[in-house]
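Some notes on the structure that comes next.
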Protein chains: 2
Amino acid sequence: MTIRVLITDDHGVVRQGLRMYLGLDPELEVVGEAANGEEALRMARELGPDVVLMDLLMPVMDGIAATGKIRAELPEVEVIALTSVLEDASVSGAVRAGAIGYLLKNTEADDLGRAIKAAADGQVQLAPEAAMRLMREVRAPESPEALTERETEVLKLVARGKANKQIAHELFVGEKTVKAHVSSILAKLGVQSRTQAALYALRIGLVSMEELNEESW
Amino acid sequence: MTIRVLITDDHGVVRQGLRMYLGLDPELEVVGEAANGEEALRMARELGPDVVLMDLLMPVMDGIAATGKIRAELPEVEVIALTSVLEDASVSGAVRAGAIGYLLKNTEADDLGRAIKAAADGQVQLAPEAAMRLMREVRAPESPEALTERETEVLKLVARGKANKQIAHELFVGEKTVKAHVSSILAKLGVQSRTQAALYALRIGLVSMEELNEESW
DNA sequence: GATAATCTAGTACCAAAGTCGGAGAAGGGA
DNA sequence: TCCCTTCTCCGACTTTGGTACTAGATTATC
């Protein structure tokens with residue numbers, strides 16, 4: 001009984017590479033490739049794979065959102081997050097969204113095959129680094145204090161390099177208001193400056209490299 | 001006569017994938033894999049490949065630096081930059097460093113084989129997007145005014161979220177000096193704030209996501 | 001030996017960022 | 001109805017960031 005795998009990654013090289021490698025294992029069968037979360041959801045519906053390999057940083061629909069939707073709709077499909085991003089929020093986000101595994105892209109290719117088989121079997125697979133993050137979160141029940149909707153909006157603009165004045169203008173509020181939001185954001189994230197907040201936002205994928213490239217500066 | 005290829009990428013999955021795929025082409029032979037620029041240089045010396053596939057975003061020694069050293073020392077070895085980053089400075093940087101090709105990771109795997117063969121033959125290979133960036137740079141002889149060594153150093157720290165005072169402390173200079181450097185950086189990059197400069201540095205891969213994850217904030 | 005670039009650092013100044021505390025309006029529960 | 005959160009905004013303040021200009025020391029270059 002072969003395990004049917006759906007690959008999701010926005011980079012063609014990675015997709016082809018995974019397909020090539022996994023294709024050599026007679027127990028695995030790559031049934032499709034998706035380039036973003038939306039495609040992944042659609043193809044998961046159509047193909048009904050056993051396991052989805054899911055990149056987290058993708059355009060259109062990110063991997064965590066896609067994972068959530070797939071797991072909600074097709075609970076028999078297991079999802080393994082396979083990403084180069086290691087971040088507390090990503091790990092717990094993926095796990096909360098229903099991923100059964102979290103592996104880093106520097107995982108040895110051999111291990112990957114084993115992890116997929118284990119996942120198809122319902123067994124949890126975590127990279128040691130990811131496991132540590134989860135442990136840390138459980139031990140210290142530090143709810144990193146979720147940002148409100150508005151704060152998230154502001155943070156996104158900060159992470160695109162905008163000044164308070166510009167943000168105020170874009171959101172049709174006063175600069176004082178923006179400052180208040182920024183202060184609150186810094187406190188909740190535990191960072192010391194808007195630059196750190198911007199980098200944080202990038203780190204957790206709140207804004208993507210692609211979005212950054214839209215900025216003209 | 002097979003073409004000997006050295007793969008350089010810090011992600012195991014990508015390396016394995018490339019090796020698998022390229023291995024299927026009888027005209028190509030993957031003679032080695034390197035996980036960073038330093039390894040790439042060493043292995044290029046030892047193995048004398050015809051073509052090096054070089055990721056630009058890597059720890060230890062970035063791809064542009066490695067490209068420069070390889071081309072300087074082993075001019076018969078051709079280097080193809082293979083990366084997910086598309087940025088003016090990366091493209092012209094790689095080209096200046098001596099890369100004969102610049103391809104994106106979303107390149108179809110078929111094209112990659114063809115590109116490698118062309119490169120071994122001394123033919124230039126550019127992704128259309130990369131070609132456009134080069135064109136633009138040639139048309140508008142806007143030399144983005146290269147940063148000096150020290151400025152680059154400062155920018156890296158800015159991009160890790162450090163304040164001027166911290167940077168001054170780390171580099172054993174006065175805060176005034178750091179400010180002077182930062183001002184000069186902003187002017188050269190054409191950006192308006194340190195946050196934008198930090199994002200710029202990230203965009204061009206001066207600092208990587210991985211490095212960001214080392215920061216404790 | 002002159003020239004240019006870089007790194008250093010100063011002064012003076014202004015703008016932007018961020019803090020602290022308070023406060024009114026709107027909306028959703030309990 | 002009362003409570004809680006969020007969003008809005010204020011004043012007053014401190015700190016950080018950034019500009020403009022100048023200038024000595026060092027080093028590489030011609």
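By order of appearance in the structure tokens: chains A, B, ..., then residues from 1 within every chain, and ligands from 1 in the order shown.
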Using DSSP on the backbone coordinates, identify all residues within stretch 24-102 of chain B classified as strand (DSSP E); present the result as an MDAnalysis selection string.
chainID B and resid 28:34 51:54 78:83 101:102
For C:DA9, list every protein, DNA or RNA residue within 12 Å, evaluated using only C-alpha atoms (C1' of nucleotides), and leave out those in the same chain fewer than 4 positions away; present the list as number ranges by chain.
B: 173-181; D: 22-25
Store the residues picked out above, limited to all heavy atoms, as a compact mmCIF listing (two decimals), in the first residue's frame.
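Saved result, selection.txt, follows:
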```txt
# COMPACT_ATOMS: atom_id res chain seq x y z
N VAL B 173 33.33 51.81 18.90
CA VAL B 173 33.44 53.20 18.43
C VAL B 173 32.36 54.02 19.14
O VAL B 173 31.54 53.47 19.89
CB VAL B 173 33.23 53.31 16.90
CG1 VAL B 173 34.30 52.53 16.16
CG2 VAL B 173 31.84 52.81 16.51
N GLY B 174 32.36 55.32 18.91
CA GLY B 174 31.38 56.17 19.55
C GLY B 174 30.03 56.11 18.87
O GLY B 174 29.92 55.71 17.71
N GLU B 175 29.00 56.52 19.61
CA GLU B 175 27.66 56.48 19.03
C GLU B 175 27.58 57.47 17.87
O GLU B 175 26.89 57.23 16.88
CB GLU B 175 26.62 56.81 20.11
CG GLU B 175 25.20 56.50 19.67
CD GLU B 175 24.17 56.98 20.68
OE1 GLU B 175 24.56 57.26 21.83
OE2 GLU B 175 22.99 57.09 20.31
N LYS B 176 28.28 58.57 18.00
CA LYS B 176 28.29 59.58 16.93
C LYS B 176 28.78 58.97 15.63
O LYS B 176 28.27 59.26 14.55
CB LYS B 176 29.20 60.76 17.32
CG LYS B 176 28.82 61.45 18.61
CD LYS B 176 27.58 62.31 18.44
CE LYS B 176 27.14 62.93 19.76
NZ LYS B 176 28.19 63.78 20.37
N THR B 177 29.79 58.17 15.76
CA THR B 177 30.36 57.52 14.58
C THR B 177 29.33 56.62 13.92
O THR B 177 29.16 56.63 12.70
CB THR B 177 31.59 56.69 14.99
OG1 THR B 177 32.49 57.55 15.67
CG2 THR B 177 32.25 56.09 13.77
N VAL B 178 28.65 55.87 14.76
CA VAL B 178 27.63 54.98 14.22
C VAL B 178 26.57 55.79 13.48
O VAL B 178 26.16 55.45 12.37
CB VAL B 178 26.97 54.15 15.33
CG1 VAL B 178 25.84 53.31 14.79
CG2 VAL B 178 28.01 53.26 16.00
N LYS B 179 26.17 56.89 14.11
CA LYS B 179 25.17 57.74 13.47
C LYS B 179 25.65 58.20 12.10
O LYS B 179 24.89 58.22 11.13
CB LYS B 179 24.90 58.95 14.34
CG LYS B 179 23.95 58.70 15.48
CD LYS B 179 23.61 60.03 16.16
CE LYS B 179 22.44 59.91 17.10
NZ LYS B 179 21.98 61.24 17.53
N ALA B 180 26.92 58.58 12.05
CA ALA B 180 27.48 59.05 10.78
C ALA B 180 27.39 57.95 9.74
O ALA B 180 26.99 58.18 8.60
CB ALA B 180 28.93 59.49 10.99
N HIS B 181 27.74 56.74 10.15
CA HIS B 181 27.67 55.62 9.22
C HIS B 181 26.24 55.37 8.77
O HIS B 181 25.97 55.18 7.58
CB HIS B 181 28.22 54.35 9.89
CG HIS B 181 29.71 54.34 10.00
ND1 HIS B 181 30.54 54.66 8.96
CD2 HIS B 181 30.52 54.03 11.03
CE1 HIS B 181 31.80 54.56 9.34
NE2 HIS B 181 31.82 54.19 10.61
P DT D 22 31.33 73.15 6.17
OP1 DT D 22 31.57 74.56 5.90
OP2 DT D 22 31.37 72.15 5.08
O5' DT D 22 32.33 72.66 7.30
C5' DT D 22 32.11 73.04 8.65
C4' DT D 22 33.06 72.28 9.55
O4' DT D 22 32.54 70.96 9.81
C3' DT D 22 34.45 72.09 8.96
O3' DT D 22 35.43 72.64 9.83
C2' DT D 22 34.61 70.57 8.84
C1' DT D 22 33.62 70.06 9.86
N1 DT D 22 33.09 68.71 9.57
C2 DT D 22 33.21 67.73 10.55
O2 DT D 22 33.71 67.93 11.64
N3 DT D 22 32.69 66.51 10.19
C4 DT D 22 32.10 66.18 8.98
O4 DT D 22 31.69 65.04 8.78
C5 DT D 22 32.02 67.25 8.02
C7 DT D 22 31.41 66.99 6.67
C6 DT D 22 32.51 68.45 8.35
P DA D 23 36.96 72.77 9.36
OP1 DA D 23 37.50 73.96 10.06
OP2 DA D 23 37.04 72.67 7.90
O5' DA D 23 37.65 71.49 10.00
C5' DA D 23 37.37 71.13 11.35
C4' DA D 23 38.10 69.86 11.66
O4' DA D 23 37.25 68.72 11.40
C3' DA D 23 39.36 69.64 10.81
O3' DA D 23 40.39 69.14 11.63
C2' DA D 23 38.92 68.61 9.79
C1' DA D 23 37.97 67.78 10.65
N9 DA D 23 37.02 66.97 9.90
C8 DA D 23 36.30 67.32 8.79
N7 DA D 23 35.54 66.37 8.33
C5 DA D 23 35.77 65.31 9.20
C6 DA D 23 35.26 64.00 9.26
N6 DA D 23 34.38 63.51 8.39
N1 DA D 23 35.71 63.20 10.25
C2 DA D 23 36.59 63.69 11.13
N3 DA D 23 37.14 64.90 11.18
C4 DA D 23 36.68 65.67 10.17
P DG D 24 41.89 69.55 11.38
OP1 DG D 24 42.15 70.75 12.19
OP2 DG D 24 42.16 69.54 9.93
O5' DG D 24 42.66 68.32 12.05
C5' DG D 24 42.46 68.04 13.43
C4' DG D 24 42.58 66.54 13.67
O4' DG D 24 41.47 65.88 13.00
C3' DG D 24 43.86 65.93 13.10
O3' DG D 24 44.39 65.00 14.03
C2' DG D 24 43.39 65.23 11.83
C1' DG D 24 41.97 64.83 12.20
N9 DG D 24 41.08 64.67 11.06
C8 DG D 24 40.71 65.65 10.15
N7 DG D 24 39.89 65.20 9.24
C5 DG D 24 39.70 63.87 9.55
C6 DG D 24 38.90 62.88 8.92
O6 DG D 24 38.20 62.99 7.92
N1 DG D 24 39.00 61.64 9.57
C2 DG D 24 39.76 61.42 10.70
N2 DG D 24 39.72 60.17 11.18
N3 DG D 24 40.50 62.33 11.30
C4 DG D 24 40.42 63.52 10.67
P DA D 25 45.83 64.38 13.77
OP1 DA D 25 46.52 64.30 15.07
OP2 DA D 25 46.46 65.04 12.61
O5' DA D 25 45.44 62.89 13.33
C5' DA D 25 44.69 62.06 14.22
C4' DA D 25 44.63 60.66 13.63
O4' DA D 25 43.64 60.64 12.57
C3' DA D 25 45.95 60.18 13.02
O3' DA D 25 46.18 58.84 13.41
C2' DA D 25 45.73 60.31 11.52
C1' DA D 25 44.22 60.13 11.37
N9 DA D 25 43.62 60.88 10.26
C8 DA D 25 43.84 62.20 9.94
N7 DA D 25 43.15 62.60 8.90
C5 DA D 25 42.43 61.48 8.50
C6 DA D 25 41.53 61.26 7.46
N6 DA D 25 41.15 62.20 6.58
N1 DA D 25 41.00 60.03 7.35
C2 DA D 25 41.36 59.09 8.23
N3 DA D 25 42.21 59.18 9.25
C4 DA D 25 42.70 60.42 9.34
```
Would you give me, as a PyMOL selection string, the residues of chain C that come within 9 Å of chain A, using only C-alpha atoms (C1' of nucleotides)?
chain C and resi 16-19
Output file for the residues above (N, CA, C and O atoms (P, O5', C5', C4', C3', O3' and C1' of nucleotides), as a PDB file, in the first residue's frame):
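Output contents, as saved in again.pdb:
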```pdb
ATOM      1  P    DA C  16       9.381  64.303  11.052  1.00  0.00           P
ATOM      2  O5'  DA C  16       9.664  62.939  11.814  1.00  0.00           O
ATOM      3  C5'  DA C  16      10.803  62.177  11.466  1.00  0.00           C
ATOM      4  C4'  DA C  16      10.957  61.063  12.468  1.00  0.00           C
ATOM      5  C3'  DA C  16       9.669  60.288  12.729  1.00  0.00           C
ATOM      6  O3'  DA C  16       9.951  58.920  12.502  1.00  0.00           O
ATOM      7  C1'  DA C  16      10.666  61.014  14.768  1.00  0.00           C
ATOM      8  P    DA C  17       8.873  57.824  12.812  1.00  0.00           P
ATOM      9  O5'  DA C  17       9.277  57.419  14.302  1.00  0.00           O
ATOM     10  C5'  DA C  17      10.609  57.041  14.562  1.00  0.00           C
ATOM     11  C4'  DA C  17      10.772  56.641  16.017  1.00  0.00           C
ATOM     12  C3'  DA C  17       9.697  55.691  16.529  1.00  0.00           C
ATOM     13  O3'  DA C  17      10.365  54.661  17.225  1.00  0.00           O
ATOM     14  C1'  DA C  17       9.881  57.563  17.955  1.00  0.00           C
ATOM     15  P    DG C  18       9.619  53.340  17.620  1.00  0.00           P
ATOM     16  O5'  DG C  18       9.222  53.605  19.141  1.00  0.00           O
ATOM     17  C5'  DG C  18      10.248  53.949  20.022  1.00  0.00           C
ATOM     18  C4'  DG C  18       9.717  54.363  21.369  1.00  0.00           C
ATOM     19  C3'  DG C  18       8.471  53.642  21.894  1.00  0.00           C
ATOM     20  O3'  DG C  18       8.811  53.029  23.141  1.00  0.00           O
ATOM     21  C1'  DG C  18       8.315  55.985  22.195  1.00  0.00           C
ATOM     22  P    DT C  19       7.723  52.491  24.180  1.00  0.00           P
ATOM     23  O5'  DT C  19       7.540  53.702  25.197  1.00  0.00           O
ATOM     24  C5'  DT C  19       8.682  54.273  25.807  1.00  0.00           C
ATOM     25  C4'  DT C  19       8.281  55.002  27.084  1.00  0.00           C
ATOM     26  C3'  DT C  19       7.210  54.282  27.911  1.00  0.00           C
ATOM     27  O3'  DT C  19       7.551  54.460  29.280  1.00  0.00           O
ATOM     28  C1'  DT C  19       6.415  56.426  27.285  1.00  0.00           C
TER      29       DT C  19
END
```
Contacts of B:Leu47 at 12 Å (only C-alpha atoms (C1' of nucleotides); same-chain gap of 6+ positions) as a list in words:
Arg4, Val5, Leu6, Ile7, Glu29, Val30, Val31, Gly32, Glu33, Ala34, Glu39, Ala40, Leu41, Leu74 and Val77 of chain B
In stretch 7-189 of chain B, DSSP helix (DSSP H, G or I) residues written as number ranges by chain
B: 12-23, 37-47, 63-73, 88-97, 109-120, 128-139, 149-158, 164-171, 175-189
Could you list the residues in chain B lying within 9 Å of chain A, using only C-alpha atoms, and format the result as a PyMOL selection string?
chain B and resi 10-21+84-87+104-109+158-163+189-200+202-203+209-210+212-213+217
One decimal, in Å: what's the spacing between atom CA of B:Ile3 and atom CA of B:Pro26?
9.1 Å
Only residues of chain D matter here; which ones have an atom within 10 Å of chain B, counting only C-alpha atoms (C1' of nucleotides)? Give them as a compact mmCIF listing (two decimals) with C-alpha atoms (C1' of nucleotides), in the first residue's frame.
```txt
# COMPACT_ATOMS: atom_id res chain seq x y z
C1' DT D 16 16.53 57.84 19.91
C1' DG D 17 17.32 58.68 15.30
C1' DG D 18 18.89 61.42 11.69
C1' DT D 19 20.99 65.77 9.19
```
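As for atom C1' of C:DA26 and atom CA of A:Ala201, they are spaced 29.2 Å apart.
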Residue neighbourhood D:DT27, 12 Å, only C-alpha atoms (C1' of nucleotides), exclusion window fewer than 4 positions, as a ChimeraX atom specification:
/C:3-7
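Distance check against C:DG28 using only C-alpha atoms (C1' of nucleotides): of D:DT8, D:DC30, D:DC3, D:DC21, the minimum falls on D:DC3.
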